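Below is the file model-v4.txt, which contains compact mmCIF, C-alpha atoms.
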```txt
# COMPACT_ATOMS: atom_id res chain seq x y z
CA MET A 1 0.00 0.00 0.00
CA PRO A 2 2.78 2.59 0.70
CA ASP A 3 4.14 2.14 -2.87
CA MET A 4 0.73 2.80 -4.35
CA GLN A 5 0.38 6.00 -2.30
CA LYS A 6 3.76 7.28 -3.57
CA GLY A 7 2.52 6.90 -7.14
CA TRP A 8 -0.58 9.06 -6.69
CA ALA A 9 -0.84 11.98 -9.08
CA PRO A 10 -1.92 15.45 -7.80
CA ALA A 11 -5.36 14.86 -9.34
CA HIS A 12 -5.78 11.74 -7.26
CA ALA A 13 -4.73 13.62 -4.13
CA ALA A 14 -7.21 16.36 -4.91
CA GLY A 15 -9.91 13.72 -5.36
CA ALA A 16 -9.06 12.13 -2.02
CA GLN A 17 -9.23 15.53 -0.32
CA GLY A 18 -12.63 16.12 -1.94
CA ILE A 19 -13.92 12.79 -0.64
CA ARG A 20 -12.67 13.60 2.87
CA ALA A 21 -14.35 17.00 2.68
CA LEU A 22 -17.57 15.35 1.52
CA ARG A 23 -17.40 12.92 4.45
CA ARG A 24 -16.88 15.81 6.87
CA SER A 25 -19.87 17.64 5.37
CA PHE A 26 -22.01 14.51 5.63
CA PHE A 27 -20.96 13.99 9.25
CA LEU A 28 -21.69 17.65 10.03
CA ALA A 29 -25.12 17.32 8.42
CA LEU A 30 -25.86 14.30 10.59
CA CYS A 31 -24.81 16.19 13.70
CA LEU A 32 -26.95 19.18 12.76
CA THR A 33 -29.92 16.90 12.08
CA ALA A 34 -29.48 15.26 15.47
CA ALA A 35 -29.21 18.66 17.14
CA VAL A 36 -32.40 19.85 15.47
CA ALA A 37 -34.21 16.65 16.48
CA THR A 38 -33.03 17.08 20.05
CA ALA A 39 -34.17 20.69 20.11
CA GLN A 40 -37.67 19.88 18.90
CA THR A 41 -40.47 20.33 21.37
CA PRO A 42 -41.93 17.13 22.88
CA GLU A 43 -44.70 15.45 20.95
CA PRO A 44 -48.14 16.57 22.15
CA THR A 45 -50.20 14.30 24.35
CA LEU A 46 -52.86 12.34 22.48
CA ALA A 47 -56.47 13.13 23.22
CA ARG A 48 -57.81 10.61 25.71
CA ARG A 49 -60.27 9.17 23.18
CA ASP A 50 -57.52 8.61 20.59
CA ALA A 51 -55.17 7.14 23.18
CA ALA A 52 -57.83 4.72 24.42
CA ALA A 53 -58.63 3.71 20.84
CA TRP A 54 -55.00 2.86 20.09
CA LEU A 55 -54.53 0.93 23.34
CA GLY A 56 -57.66 -1.07 22.59
CA LYS A 57 -56.53 -1.73 19.02
CA ILE A 58 -53.12 -2.96 20.17
CA HIS A 59 -54.67 -5.25 22.73
CA ARG A 60 -57.29 -6.72 20.36
CA ALA A 61 -54.73 -7.33 17.61
CA ALA A 62 -52.65 -9.56 19.88
CA GLN A 63 -55.69 -11.74 20.53
CA ARG A 64 -57.37 -11.80 17.11
CA GLU A 65 -54.65 -11.63 14.45
CA ASN A 66 -52.97 -14.70 12.95
CA TYR A 67 -49.21 -14.16 13.02
CA VAL A 68 -45.94 -16.10 12.93
CA GLY A 69 -42.62 -14.54 13.87
CA THR A 70 -39.38 -14.46 15.80
CA LEU A 71 -39.23 -12.59 19.10
CA ILE A 72 -36.07 -11.13 20.62
CA TYR A 73 -36.25 -10.50 24.36
CA GLN A 74 -33.64 -8.49 26.27
CA ARG A 75 -33.51 -7.86 30.00
CA GLY A 76 -30.34 -6.17 31.23
CA SER A 77 -27.47 -8.09 29.65
CA VAL A 78 -29.60 -11.22 29.07
CA MET A 79 -30.99 -11.80 25.59
CA HIS A 80 -32.81 -14.72 24.03
CA ALA A 81 -34.92 -15.52 20.98
CA SER A 82 -38.17 -17.43 20.54
CA ARG A 83 -40.39 -18.48 17.68
CA ILE A 84 -44.08 -17.66 18.11
CA GLN A 85 -47.18 -18.83 16.23
CA HIS A 86 -50.58 -17.40 17.10
CA PHE A 87 -53.97 -18.16 15.58
CA SER A 88 -57.53 -17.10 16.36
CA ASP A 89 -60.82 -18.48 15.07
CA LEU A 90 -64.11 -16.77 14.30
CA VAL A 91 -65.30 -16.93 17.91
CA HIS A 92 -61.92 -15.67 19.20
CA ASN A 93 -60.54 -18.90 20.58
CA GLU A 94 -56.76 -18.56 20.71
CA TYR A 95 -54.03 -21.08 19.88
CA GLU A 96 -50.37 -20.28 20.46
CA ARG A 97 -47.01 -22.02 20.21
CA LEU A 98 -43.81 -20.52 21.64
CA GLU A 99 -40.49 -22.29 21.04
CA THR A 100 -37.17 -21.22 22.53
CA LEU A 101 -34.34 -20.79 20.02
CA ASP A 102 -31.54 -20.43 22.59
CA GLY A 103 -30.43 -22.74 25.38
CA LYS A 104 -32.31 -25.92 26.24
CA PRO A 105 -35.29 -26.75 24.03
CA ARG A 106 -38.53 -25.54 25.56
CA GLU A 107 -41.99 -25.28 24.09
CA VAL A 108 -45.14 -23.62 25.40
CA LEU A 109 -48.49 -24.55 23.86
CA ARG A 110 -51.59 -22.53 24.69
CA GLN A 111 -55.27 -23.03 23.98
CA ASN A 112 -57.12 -20.00 25.34
CA ASP A 113 -55.97 -19.74 28.98
CA ILE A 114 -54.75 -23.35 29.37
CA VAL A 115 -50.96 -23.48 28.99
CA HIS A 116 -48.84 -26.62 28.46
CA SER A 117 -45.12 -26.10 29.14
CA LEU A 118 -43.00 -28.91 27.70
CA ILE A 119 -39.67 -29.94 29.27
CA PRO A 120 -38.32 -32.51 26.78
CA GLU A 121 -35.31 -33.82 28.76
CA ALA A 122 -37.62 -34.81 31.61
CA LYS A 123 -40.51 -35.87 29.36
CA LEU A 124 -42.59 -33.59 31.58
CA VAL A 125 -45.50 -31.33 30.69
CA VAL A 126 -46.59 -28.69 33.19
CA VAL A 127 -50.19 -27.60 32.80
CA GLU A 128 -51.62 -24.43 34.30
CA ARG A 129 -54.22 -21.78 33.73
CA GLN A 130 -52.66 -18.40 32.84
CA ASP A 131 -54.05 -15.01 31.98
CA ALA A 132 -52.49 -14.03 28.64
CA LYS A 133 -53.68 -10.41 28.72
CA ASP A 134 -50.43 -8.94 30.01
CA ARG A 135 -47.97 -10.93 27.87
CA PHE A 136 -46.32 -9.53 24.75
CA PRO A 137 -47.73 -8.74 22.26
CA ALA A 138 -50.85 -8.26 24.39
CA LEU A 139 -50.82 -5.24 26.65
CA LEU A 140 -53.48 -4.50 29.21
CA ALA A 141 -54.16 -6.26 32.50
CA THR A 142 -56.93 -3.86 33.56
CA ASN A 143 -59.20 -1.32 31.90
CA LYS A 144 -57.43 1.05 29.49
CA GLY A 145 -59.15 4.00 31.15
CA ASP A 146 -57.24 3.24 34.33
CA VAL A 147 -53.97 3.36 32.42
CA LEU A 148 -54.73 6.82 31.06
CA ASP A 149 -55.36 8.11 34.58
CA LEU A 150 -51.74 7.28 35.37
CA TYR A 151 -49.86 7.84 32.10
CA GLU A 152 -49.80 10.41 29.33
CA MET A 153 -49.75 8.84 25.86
CA ARG A 154 -47.75 10.68 23.21
CA ARG A 155 -47.36 9.94 19.50
CA LEU A 156 -43.77 9.87 18.26
CA SER A 157 -42.40 9.74 14.72
CA PRO A 158 -43.32 6.59 12.74
CA GLU A 159 -40.63 3.91 12.33
CA ARG A 160 -40.15 0.50 10.72
CA VAL A 161 -39.76 -2.64 12.82
CA ALA A 162 -39.21 -6.09 11.28
CA GLY A 163 -40.08 -4.60 7.89
CA MET A 164 -43.42 -3.23 9.13
CA GLU A 165 -44.46 0.40 9.15
CA CYS A 166 -45.31 1.29 12.74
CA GLU A 167 -46.93 4.04 14.74
CA VAL A 168 -44.80 4.79 17.80
CA PHE A 169 -46.15 5.86 21.18
CA SER A 170 -44.68 6.84 24.52
CA LEU A 171 -46.56 6.28 27.77
CA VAL A 172 -45.11 8.66 30.33
CA PRO A 173 -46.11 8.13 33.99
CA HIS A 174 -47.40 10.98 36.12
CA ASP A 175 -45.10 9.96 38.99
CA GLY A 176 -41.87 8.11 39.71
CA ALA A 177 -43.59 4.97 40.98
CA ARG A 178 -43.57 3.32 37.55
CA TYR A 179 -41.45 3.27 34.42
CA ALA A 180 -42.16 4.92 31.08
CA VAL A 181 -42.99 2.61 28.17
CA ARG A 182 -42.49 2.95 24.42
CA LEU A 183 -44.68 0.99 21.99
CA TRP A 184 -44.35 0.29 18.26
CA ALA A 185 -47.69 -0.81 16.70
CA GLU A 186 -48.09 -1.99 13.11
CA LYS A 187 -50.04 0.83 11.51
CA HIS A 188 -52.85 -1.23 9.94
CA SER A 189 -53.50 -4.14 12.33
CA GLY A 190 -52.27 -2.46 15.52
CA LEU A 191 -50.19 -5.55 16.42
CA LEU A 192 -47.41 -4.65 18.84
CA MET A 193 -44.03 -4.98 17.12
CA ARG A 194 -41.78 -3.73 19.91
CA ALA A 195 -42.13 -2.65 23.53
CA GLN A 196 -39.48 -0.99 25.68
CA THR A 197 -39.38 -0.25 29.40
CA ILE A 198 -37.57 3.04 29.98
CA GLY A 199 -35.70 4.01 33.14
CA GLU A 200 -34.02 7.19 34.33
CA GLY A 201 -32.26 9.23 31.66
CA GLY A 202 -34.07 7.38 28.88
CA LYS A 203 -32.15 4.15 29.48
CA VAL A 204 -33.78 1.06 27.97
CA LEU A 205 -34.08 -1.43 30.84
CA GLU A 206 -35.96 -4.14 29.01
CA GLN A 207 -37.37 -4.73 25.57
CA VAL A 208 -39.09 -7.34 23.46
CA ALA A 209 -39.51 -7.08 19.72
CA PHE A 210 -40.24 -9.02 16.57
CA SER A 211 -37.17 -9.41 14.37
CA GLN A 212 -39.26 -11.10 11.68
CA ILE A 213 -43.03 -11.50 11.36
CA GLU A 214 -45.84 -12.45 8.99
CA ILE A 215 -49.32 -11.15 9.79
CA GLY A 216 -52.54 -12.62 8.42
CA VAL A 217 -51.14 -16.11 7.79
CA PRO A 218 -53.43 -19.17 7.40
CA SER A 219 -54.32 -20.83 10.68
CA GLU A 220 -52.40 -23.94 11.73
CA LYS A 221 -54.25 -24.42 15.00
CA GLN A 222 -54.61 -28.16 14.33
CA LYS A 223 -50.82 -28.57 14.57
CA ILE A 224 -50.87 -26.91 17.99
CA LEU A 225 -53.73 -29.12 19.15
CA GLY A 226 -51.86 -32.12 17.76
CA ALA A 227 -48.69 -31.17 19.69
CA ILE A 228 -50.72 -30.91 22.91
CA LYS A 229 -52.16 -34.37 22.25
CA SER A 230 -48.71 -35.83 21.49
CA ALA A 231 -47.46 -34.82 24.93
CA ALA A 232 -50.35 -36.58 26.65
CA ASN A 233 -48.22 -39.65 27.42
CA TRP A 234 -45.50 -37.59 29.16
CA GLN A 235 -45.35 -37.14 32.89
CA ARG A 236 -47.91 -34.51 33.76
CA TYR A 237 -47.84 -31.96 36.56
CA GLU A 238 -50.82 -29.65 37.00
CA ILE A 239 -50.37 -26.34 38.77
CA ASN A 240 -53.58 -25.65 40.61
CA TYR A 241 -54.32 -22.20 41.92
CA GLN A 242 -56.61 -22.22 44.92
CA PRO A 243 -58.55 -19.04 45.77
CA ALA A 244 -57.14 -17.43 48.90
CA ASN A 245 -58.15 -14.76 51.36
CA ILE A 246 -54.99 -13.40 52.91
CA ALA A 247 -56.94 -11.29 55.42
CA GLU A 248 -58.42 -14.45 56.94
CA GLU A 249 -54.88 -15.76 57.38
CA GLY A 250 -53.77 -12.66 59.25
CA TRP A 251 -52.25 -10.60 56.44
CA LEU A 252 -52.86 -6.96 55.68
CA ILE A 253 -51.39 -5.18 52.65
CA THR A 254 -52.37 -1.53 52.42
CA VAL A 255 -51.63 -0.51 48.83
CA PRO A 256 -49.02 2.23 49.27
CA ILE A 257 -49.16 3.72 45.76
CA LYS A 258 -52.09 5.18 43.85
CA GLY A 259 -53.23 3.33 40.77
CA PHE A 260 -52.24 -0.22 41.66
CA GLN A 261 -55.21 -2.56 41.97
CA LYS A 262 -55.30 -6.04 43.44
CA ILE A 263 -56.32 -8.32 40.59
CA ARG A 264 -56.03 -11.72 42.31
CA GLU A 265 -54.89 -13.54 45.44
CA VAL A 266 -54.23 -17.28 45.27
CA ARG A 267 -52.42 -20.16 46.93
CA ARG A 268 -50.06 -21.75 44.42
CA PRO A 269 -47.07 -24.10 44.15
CA LEU A 270 -43.55 -22.90 43.38
CA GLY A 271 -40.26 -24.69 43.01
CA ASP A 272 -38.49 -27.14 40.72
CA LEU A 273 -41.40 -28.70 38.87
CA ARG A 274 -39.07 -31.11 37.04
CA SER A 275 -38.64 -32.94 40.34
CA ALA A 276 -42.35 -32.83 41.13
CA GLN A 277 -42.69 -36.46 40.14
CA GLY A 278 -41.18 -39.01 42.53
CA SER A 279 -38.67 -38.48 45.31
CA GLY A 280 -38.02 -34.81 44.63
CA ARG A 281 -41.52 -33.62 45.42
CA GLU A 282 -40.28 -31.72 48.48
CA GLN A 283 -38.69 -29.26 46.06
CA VAL A 284 -42.19 -27.93 45.32
CA PHE A 285 -43.73 -25.75 48.04
CA GLU A 286 -46.89 -23.68 48.44
CA VAL A 287 -47.01 -19.90 48.71
CA LEU A 288 -49.63 -17.19 48.87
CA GLN A 289 -49.47 -14.84 45.88
CA VAL A 290 -51.13 -11.44 45.62
CA VAL A 291 -50.95 -9.76 42.20
CA TYR A 292 -51.26 -6.00 41.66
CA SER A 293 -51.42 -4.07 38.38
CA ASP A 294 -51.80 -0.50 37.23
CA GLY A 295 -53.03 -1.72 33.85
CA LEU A 296 -49.67 -1.49 32.12
CA THR A 297 -47.27 -3.08 34.57
CA GLY A 298 -47.56 -5.14 37.70
CA LEU A 299 -45.97 -6.77 40.71
CA SER A 300 -46.52 -9.80 42.92
CA VAL A 301 -46.25 -10.32 46.66
CA PHE A 302 -45.32 -13.88 47.66
CA ILE A 303 -45.76 -15.12 51.25
CA GLU A 304 -44.20 -18.41 52.38
CA PRO A 305 -43.49 -19.93 55.81
CA VAL A 306 -39.89 -20.09 57.00
CA SER A 307 -38.58 -23.59 56.30
CA GLU A 308 -35.32 -25.48 56.86
CA GLN A 309 -35.60 -26.80 53.30
CA ARG A 310 -35.56 -23.29 51.85
CA VAL A 311 -32.64 -21.11 52.89
CA ARG A 312 -33.54 -17.44 52.36
CA ARG A 313 -32.15 -14.11 53.45
CA GLU A 314 -33.32 -10.53 53.37
CA GLY A 315 -32.06 -8.31 50.58
CA VAL A 316 -32.71 -6.63 47.25
CA ALA A 317 -31.84 -7.58 43.67
CA SER A 318 -32.51 -6.31 40.18
CA LEU A 319 -32.26 -7.48 36.57
CA GLY A 320 -33.23 -5.04 33.87
CA ALA A 321 -36.59 -3.55 34.81
CA THR A 322 -37.35 -6.29 37.36
CA GLN A 323 -36.78 -5.48 41.03
CA VAL A 324 -36.93 -7.95 43.93
CA VAL A 325 -37.12 -7.35 47.68
CA VAL A 326 -37.06 -10.12 50.32
CA ARG A 327 -37.87 -9.44 53.97
CA LYS A 328 -38.87 -11.53 56.96
CA VAL A 329 -42.15 -10.88 58.79
CA ALA A 330 -42.85 -13.06 61.85
CA ASP A 331 -42.12 -16.63 60.70
CA PHE A 332 -42.69 -15.88 57.02
CA TRP A 333 -40.63 -14.75 54.06
CA ILE A 334 -42.11 -11.90 52.02
CA THR A 335 -40.87 -11.61 48.42
CA VAL A 336 -42.01 -8.73 46.22
CA VAL A 337 -41.21 -8.94 42.48
CA GLY A 338 -42.18 -6.34 39.92
CA GLU A 339 -41.24 -4.51 36.74
CA VAL A 340 -41.31 -1.19 38.59
CA PRO A 341 -38.68 1.08 40.18
CA ALA A 342 -36.93 -0.24 43.29
CA ALA A 343 -38.64 2.32 45.53
CA THR A 344 -42.07 0.97 44.52
CA VAL A 345 -41.13 -2.63 45.32
CA LYS A 346 -39.68 -1.54 48.69
CA GLN A 347 -42.87 0.37 49.57
CA PHE A 348 -45.00 -2.69 48.84
CA ALA A 349 -42.69 -4.91 50.90
CA ALA A 350 -42.87 -2.47 53.82
CA ALA A 351 -46.68 -2.38 53.58
CA VAL A 352 -47.07 -6.10 54.39
CA GLU A 353 -48.24 -6.67 57.98
CA TYR A 354 -49.11 -9.82 59.89
CA ARG A 355 -51.40 -10.33 62.86
CA ALA A 356 -51.82 -13.96 63.91
CA PRO A 357 -55.48 -14.88 63.41
CA LYS A 358 -57.48 -15.86 66.45
CA PRO A 359 -58.17 -19.61 66.78
CA ARG A 360 -61.65 -20.53 65.55
```
Let me see whether you can do it: turn the structure in this file into structure tokens.
Amino acid sequence: MPDMQKGWAPAHAAGAQGIRALRRSFFLALCLTAAVATAQTPEPTLARRDAAAWLGKIHRAAQRENYVGTLIYQRGSVMHASRIQHFSDLVHNEYERLETLDGKPREVLRQNDIVHSLIPEAKLVVVERQDAKDRFPALLATNKGDVLDLYEMRRLSPERVAGMECEVFSLVPHDGARYAVRLWAEKHSGLLMRAQTIGEGGKVLEQVAFSQIEIGVPSEKQKILGAIKSAANWQRYEINYQPANIAEEGWLITVPIKGFQKIREVRRPLGDLRSAQGSGREQVFEVLQVVYSDGLTGLSVFIEPVSEQRVRREGVASLGATQVVVRKVADFWITVVGEVPAATVKQFAAAVEYRAPKPR
């Protein structure tokens, strides 16, 4: 290369200088464009009627559209990919298949709210009833009107995601008790293409997005039903949620933050379900779970008795947008987990009180 440079004629040198000048001009133009974009005033808040319409459209699309795609999920430094198939029939029954593309093979098959989680190496299928309303690409756990009491919804500039033209929205909370959220919705169907949880300084704490998708594909629900049937001869473990009344058991949780509603309280099993069959059954234990939501995000309070089999200690932890607080109350461990700021999780943990119920 040095020999070639020595042989350059003045015209070539002039051309090289012109190219460098052009690059500098292009770089300067980019900087100026970025500066102008930064200086622009914030997008105006959507009228409540328009905001509610878009939230409803996004939520319905996740339940009613037929789509097949690849999802990329990132939480903190952890990232993984999954393949999703979703079909709906004329009376809005849903059929869904989610296959992991990283790590050990896992498959989740859903028919409406009955979920079959397949663990191939153990020939085990775990069956439970789950509410799919707050899972991507669905959105709302409670009424959309409640969400708009707590967040402002703003329209941002349109963008493309996975080859789809999208409308982009920002949901900005009225207080610091919850994170901001950005949503990318396919402009025609309303199907959510990307969702980001935003922390302080605009940092993306967590996101899930389609990297590839086809919308409006023919239904293959029979293949999903066939896969559920094929796993019928595997070991089967059913997770049963029993209705609970924590007040009758001596617990009081005064909701410390406006906007969070209790949406269910149950007694449920937790633990290593792969060992649920046979000698390892002691690895599965029962807890009380109380779930709260503000319509866009949520948290759970778990209550379990102190046990020699389960070594716990008080403390805090976080991964991406998820915060965890563990504290001991009487002879119980209280664990609060939520995709909310640490201060919110700590306030919920501090709000848990116990008064031993009187013998009946």
query: Expressed in Å to a single decimal, how great is the separation between CA of Ser230 in chain A and CA of Ile215 in chain A?
result: 27.3 Å
query: From the list A:Ala61, A:Val290, A:Val255, A:Ile224, which residue is nearest Arg268 in chain A when using all atoms listed in the file?
result: A:Val290
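Protein and nucleic acid residues near (-52.4, -24.5, 16.9) are Gln85, His86, Phe87, Ser88, Glu94, Tyr95, Glu96, Arg97, Leu109, Arg110, Gln111, Ser219, Glu220, Lys221, Gln222, Lys223, Ile224, Leu225, Gly226, Ala227 and Ile228 of chain A, the criterion being any atom at most 10 Å away using all atoms listed in the file.
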task: Anything within 12 Å of (-45.4, -7.8, 44.4): list those residues as an MDAnalysis selection string, counting only C-alpha atoms and sticking to the file's coordinates.
output: chainID A and resid 253 255:256 260:265 288:293 297:303 322:326 334:342 344:352
query: Which residue, A:His188, A:Arg182, A:Arg327, A:His116, has the smallest gap to Ala232 in chain A when you use only C-alpha atoms?
result: A:His116
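Atom pair CA of Leu319 in chain A / CA of Ala195 in chain A has a distance of 17.1 Å (rounded to one decimal).
The closest residue to Ala138 in chain A, picked from A:Val284, A:Val329, A:Ala321, A:Val208 and counting only C-alpha atoms, is A:Val208.
The environment of Leu55 in chain A within 9 Å, counting only C-alpha atoms and disregarding residues fewer than 3 places along the same chain, consists of Asp50, Ala51, Ala52, Ile58, His59, Arg60, Leu139, Leu140, Lys144 and Gly190 of chain A.
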message: Applying 10 Å and only C-alpha atoms, which residues near Asn233 in chain A remain after dropping the ones on its own chain fewer than 3 positions away? List them as a VMD selection string.
response: chain A and resid 123 to 125 229 to 230 236
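For the atom pair formed by CA of Asn240 in chain A and CA of Arg312 in chain A, the distance is 24.6 Å, given to one decimal.
Using only C-alpha atoms, the smallest distance between any of A:Ile213, A:Ala62, A:Leu296, A:Val204 and Pro137 in chain A comes from A:Ala62.
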Can you give me N, CA and C atoms for range 191-205 of chain A, written as a compact mmCIF listing (two decimals), in the coordinates of the input?
```txt
# COMPACT_ATOMS: atom_id res chain seq x y z
N LEU A 191 -50.96 -4.54 15.68
CA LEU A 191 -50.19 -5.55 16.42
C LEU A 191 -48.89 -4.94 16.94
N LEU A 192 -48.60 -5.21 18.20
CA LEU A 192 -47.41 -4.65 18.84
C LEU A 192 -46.16 -5.30 18.26
N MET A 193 -45.27 -4.49 17.72
CA MET A 193 -44.03 -4.98 17.12
C MET A 193 -42.85 -4.90 18.08
N ARG A 194 -42.87 -3.90 18.94
CA ARG A 194 -41.78 -3.73 19.91
C ARG A 194 -42.31 -3.00 21.12
N ALA A 195 -41.79 -3.36 22.30
CA ALA A 195 -42.13 -2.65 23.53
C ALA A 195 -40.86 -2.48 24.34
N GLN A 196 -40.65 -1.30 24.86
CA GLN A 196 -39.48 -0.99 25.68
C GLN A 196 -39.91 -0.42 27.03
N THR A 197 -39.21 -0.84 28.07
CA THR A 197 -39.38 -0.25 29.40
C THR A 197 -38.23 0.72 29.61
N ILE A 198 -38.56 1.96 29.94
CA ILE A 198 -37.57 3.04 29.98
C ILE A 198 -37.32 3.50 31.41
N GLY A 199 -36.06 3.54 31.81
CA GLY A 199 -35.70 4.01 33.14
C GLY A 199 -35.22 5.44 33.14
N GLU A 200 -34.52 5.82 34.21
CA GLU A 200 -34.02 7.19 34.33
C GLU A 200 -33.07 7.52 33.19
N GLY A 201 -33.15 8.78 32.72
CA GLY A 201 -32.26 9.23 31.66
C GLY A 201 -32.54 8.60 30.31
N GLY A 202 -33.73 7.99 30.16
CA GLY A 202 -34.07 7.38 28.88
C GLY A 202 -33.42 6.04 28.63
N LYS A 203 -32.83 5.44 29.66
CA LYS A 203 -32.15 4.15 29.48
C LYS A 203 -33.17 3.04 29.25
N VAL A 204 -32.92 2.20 28.24
CA VAL A 204 -33.78 1.06 27.97
C VAL A 204 -33.42 -0.06 28.93
N LEU A 205 -34.34 -0.39 29.84
CA LEU A 205 -34.08 -1.43 30.84
C LEU A 205 -34.46 -2.82 30.34
```
